[in-house]
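Student: My questions will all concern the structure given below.
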Amino acid sequence: MSPRPDPSTPRPVLRTLRDAGGGTAHRICAVHPGALAAGEWEALAGQLPEDTALHLLDLGNIPEFLAAALDPRAPVVPVEALADRCLTELRAAGLDSAPFSLVGWSFGGVVAYEIATRLHAAGRGAVLRDLVLLDSIAPVPAFKRTDELLDASMLLDWFAMYLGAKRRRPLTVSVPSLAAPEDGLPQVLDAAVTQGLLPQGTELAGLRKLYAAYQGGLSRNNRCTAPYEPGPIDRPLTLVKPERSLLPASGDLGWSGLSAHPVRQVGVPGDHYTMLRDPEAVSAIAGLLAGSAVV
Amino acid sequence: MQTVTASEAQAWLVEKLAVRLEVEASEIDVERYFDEFDLDSTEALILAGELEKWLGFELEATALWYHPTVAALSEHIAEESANHVAAA
């Protein structure tokens with residue numbers, strides 16, 4: 001048997017996905033929300049120019065944040081604490097002294113926004129070249145949702161999108177109006193088995209467990225966002241929105257409420273969970289980040 | 001609720017893994033770590049949900065960490081099953 005890591009050993013929050021070595025001209029720091037594997041960023045890392053480094057801040061490796069997804073009674077981790085942790089990691093690695101671009105995916109964008117806010121408040125806003133949000137929903141009152149207010153059909157549609165990303169095959173399922181998302185899981189199971197995402201014989205109890213894990217993460221993010229009331233920031237924001245965004249009909253996802261500058265919106269193919277995998281989307285995001293980091 | 005023995009739990013796990021991995025049950029090494037099987041996190045969660053339905057009780061989220069092989073998990077399940085039956 002090969003040696004197995006001790007489960008109590010903390011996993012690194014910050015790691016370098018692409019090291020440009022001594023020739024680093026551009027630096028990008030990405031905040032990963034933890035729902036999918038951190039490896040999702042590797043395609044992007046591969047598309048960046050030679051002289052561009054990519055560092056990943058994986059929120060999924062912050063033990064108290066992970067615990068809050070597994071147990072709804074676990075204390076909420078404030079967005080401010082998550083941003084503090086990320087800044088501490090960047091500082092310890094000496095990555096916050098030279099200019100960098102900051103990008104956050106999904107809930108990672110909310111944490112990235114708070115990181116930017118903190119840098120601005122400390123008079124260090126100039127170290128941030130750009131702030132890019134990948135289909136992140138702004139933490140503003142009009143866009144905050146408690147679990148009870150989330151539409152059941154919409155939630156199930158998000159779960160189908162997530163399942164498709166996890167199984168690396170798109171899932172088409174027509175979701176009727178539902179009282180609770182769990183009521184639609186039999187249809188998702190049928191569609192997933194018929195379309196070859198899950199093997200014949202997969203039981204509903206198994207899919208329920210997967211849904212519970214997915215919903216636990218989503219609910220944790222909503223609980224973390226609920227008490228967070230950030231002020232506006234004096235800098236332009238860029239929002240990258242995939243074709244199948246979490247909220248396709250909701251314009252800039254509320255970000256114009258947090259900046260007096262116009263929100264730059266960039267559309268890419270793919271959906272919320274595959275936007276770092278779709279080749280065209282990856283190429284567009286790489287170009288955007290590399291371009292934003294030009295000295 | 002009836003007690004599930006370690007050998008019953010092991011037989012259930014071996015059969016499910018064999019079907020998922022499309023191999024013969026005899027090819028499943030019960031001393032191998034779960035994360036060394038070609039099983040992604042989605043499949044592991046689905047398998048856990050099916051296992052809990054069969055058992056009639058939920059396992060703690062850390063069960064696979066502390067009992068990382070079919071053999072070890074089966075022993076743990078047998079202990080948990082006996083505890084549940086005793087508490088019922």
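Letters A, B, ... go to the chains of the structure tokens in the order shown; residues in each chain start at 1; ligands are counted from 1 in the same order.
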Show me, as a tab-separated table (two decimals) with C-alpha atoms, in the first residue's frame, every residue of chain B with an atom at most 7 Å from chain A, counting only C-alpha atoms.

Tutor:
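The result, stored in iface-v2.tsv:
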chain	number	residue	atom	x	y	z
B	32	ARG	CA	-6.58	-1.23	-1.40
B	42	THR	CA	-19.07	11.94	-7.73
B	45	LEU	CA	-20.63	10.14	-3.03
B	46	ILE	CA	-23.23	8.22	-5.02
B	47	LEU	CA	-21.85	4.97	-3.66
B	48	ALA	CA	-21.97	6.41	-0.12
B	49	GLY	CA	-25.64	7.38	-0.61
B	50	GLU	CA	-26.51	3.90	-1.83
B	53	LYS	CA	-29.78	3.52	2.10
B	65	TRP	CA	-10.75	9.04	5.86

Student: Please, which residues of chain B, numbered as in this document, come out helix (DSSP H, G or I) from DSSP, as a PyMOL selection string?

Tutor: chain B and resi 6-21+25-27+34-36+41-55+63-66+70-87

Student: Give me, as a list of chain:residue names, all polymer residues having an atom no more than 10 Å from segment 21-26 of chain B, counting only C-alpha atoms and skipping those fewer than 3 positions away in the same chain.

Tutor: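 Close residues of segment 21-26 of chain B: B:Ala11, B:Leu13, B:Val14, B:Glu15, B:Lys16, B:Leu17, B:Ala18, B:Asp29, B:Val30, B:Phe37, B:Asp38, B:Leu39.
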
Student: Between A:Ser153, A:Trp105, A:Glu114, A:Arg168, which is the closest to Asp40 of chain B once you count only C-alpha atoms?

Tutor: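 Comparing A:Ser153, A:Trp105, A:Glu114, A:Arg168 against Asp40 of chain B, the winner is A:Arg168.
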
Student: Considering only C-alpha atoms, can you say which of B:Ala6, B:Leu64, B:Val85, B:Ala72 comes closest to Asp35 of chain B?

Tutor: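 With only C-alpha atoms as the atom set, the closest residue is B:Leu64.
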
Student: What lies within 7 Å of segment 178-186 of chain A using only C-alpha atoms, ignoring chain neighbours under 3 positions off, as a ChimeraX atom specification?

Tutor: /A:152-153,155-156,175,189-190,204

Student: Now that the selection is made, can you save its residues with C-alpha atoms as a compact mmCIF listing (two decimals), in the first residue's frame?

Tutor:
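Final output, saved to part-v8.txt:
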# COMPACT_ATOMS: atom_id res chain seq x y z
CA ALA A 152 -36.35 25.06 -6.68
CA SER A 153 -36.30 24.61 -10.47
CA LEU A 155 -31.42 25.11 -8.11
CA LEU A 156 -32.04 21.81 -9.82
CA VAL A 175 -37.06 20.67 -15.06
CA LEU A 189 -31.37 10.57 -12.50
CA ASP A 190 -33.36 9.30 -15.50
CA LEU A 204 -31.85 7.67 -6.30

Student: Taking into account only C-alpha atoms, which residue in the set B:Thr69, B:Ile28, B:Trp54, B:Ala78 is nearest to Thr5 of chain B?

Tutor: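 So, comparing all the options, the nearest one is B:Ala78.
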
Student: Could you pull the residues within 9 Å of Leu258 of chain A, counting only C-alpha atoms, minus those fewer than 3 positions along the same chain, as a list in words?

Tutor: Ala138, Pro139, Val140, Pro230, Gly231, Pro232, Ile233, Asp234, Gly254, Trp255 and His261 of chain A

Student: Selected residues, N, CA and C atoms, written as a PDB file, in the first residue's frame, please.

Tutor:
ATOM      1  N   ALA A 138     -22.828  39.397  -7.269  1.00  0.00           N
ATOM      2  CA  ALA A 138     -22.398  40.465  -6.355  1.00  0.00           C
ATOM      3  C   ALA A 138     -23.073  40.343  -4.990  1.00  0.00           C
ATOM      4  N   PRO A 139     -22.317  40.629  -3.922  1.00  0.00           N
ATOM      5  CA  PRO A 139     -22.906  40.567  -2.569  1.00  0.00           C
ATOM      6  C   PRO A 139     -23.681  41.847  -2.244  1.00  0.00           C
ATOM      7  N   VAL A 140     -24.691  42.103  -3.038  1.00  0.00           N
ATOM      8  CA  VAL A 140     -25.547  43.287  -2.823  1.00  0.00           C
ATOM      9  C   VAL A 140     -26.952  42.802  -2.487  1.00  0.00           C
ATOM     10  N   PRO A 230     -20.459  44.921   1.879  1.00  0.00           N
ATOM     11  CA  PRO A 230     -19.313  45.734   1.454  1.00  0.00           C
ATOM     12  C   PRO A 230     -19.732  47.080   0.899  1.00  0.00           C
ATOM     13  N   GLY A 231     -18.819  48.030   1.004  1.00  0.00           N
ATOM     14  CA  GLY A 231     -19.037  49.319   0.366  1.00  0.00           C
ATOM     15  C   GLY A 231     -18.530  49.254  -1.062  1.00  0.00           C
ATOM     16  N   PRO A 232     -18.766  50.330  -1.840  1.00  0.00           N
ATOM     17  CA  PRO A 232     -18.288  50.335  -3.228  1.00  0.00           C
ATOM     18  C   PRO A 232     -16.776  50.489  -3.295  1.00  0.00           C
ATOM     19  N   ILE A 233     -16.230  50.171  -4.425  1.00  0.00           N
ATOM     20  CA  ILE A 233     -14.793  50.269  -4.625  1.00  0.00           C
ATOM     21  C   ILE A 233     -14.542  51.220  -5.807  1.00  0.00           C
ATOM     22  N   ASP A 234     -13.467  52.004  -5.680  1.00  0.00           N
ATOM     23  CA  ASP A 234     -13.195  52.982  -6.731  1.00  0.00           C
ATOM     24  C   ASP A 234     -12.228  52.385  -7.755  1.00  0.00           C
ATOM     25  N   GLY A 254     -25.295  42.366 -10.576  1.00  0.00           N
ATOM     26  CA  GLY A 254     -25.326  43.276  -9.416  1.00  0.00           C
ATOM     27  C   GLY A 254     -24.049  44.060  -9.180  1.00  0.00           C
ATOM     28  N   TRP A 255     -23.000  43.801  -9.974  1.00  0.00           N
ATOM     29  CA  TRP A 255     -21.701  44.420  -9.691  1.00  0.00           C
ATOM     30  C   TRP A 255     -21.700  45.934  -9.892  1.00  0.00           C
ATOM     31  N   HIS A 261     -17.619  52.926 -11.595  1.00  0.00           N
ATOM     32  CA  HIS A 261     -17.120  52.756 -12.966  1.00  0.00           C
ATOM     33  C   HIS A 261     -18.037  51.776 -13.698  1.00  0.00           C
TER      34      HIS A 261
END

Student: May I have the residues within 9 Å of Gly23 of chain A as a PyMOL selection string, using only C-alpha atoms and disregarding those fewer than 4 positions away in the same chain?

Tutor: chain A and resi 50-52

Student: What separation in Å, quoted to one decimal, exists between atom CA of Leu288 of chain A and atom CA of Pro99 of chain A?

Tutor: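 These atoms are spaced 16.2 Å apart.
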
Student: What does the distance from atom CA of Arg264 of chain A to atom CA of Asp252 of chain A come to in Å, to one decimal?

Tutor: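 So the answer is 8.7 Å.
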
Student: Would you work out the distance separating atom CA of Glu58 of chain B from atom CA of Pro63 of chain A, expressed in Å to one decimal?

Tutor: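 Straight-line distance from atom CA of Glu58 of chain B to atom CA of Pro63 of chain A works out to 22.1 Å.
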
Student: My list of candidates is B:Ala9, B:Ala82, B:Ala61, B:Leu73. Which is closest to Phe34 of chain B when distances are computed with only C-alpha atoms?

Tutor: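 The answer is B:Leu73, which sits nearest to Phe34 of chain B.
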
Student: Which residue gives the smallest distance to Gly46 of chain A among A:Leu17, A:Val79, A:Ile137, A:Ser245, with only C-alpha atoms counted?

Tutor: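 For Gly46 of chain A, the nearest of the given residues is A:Leu17.
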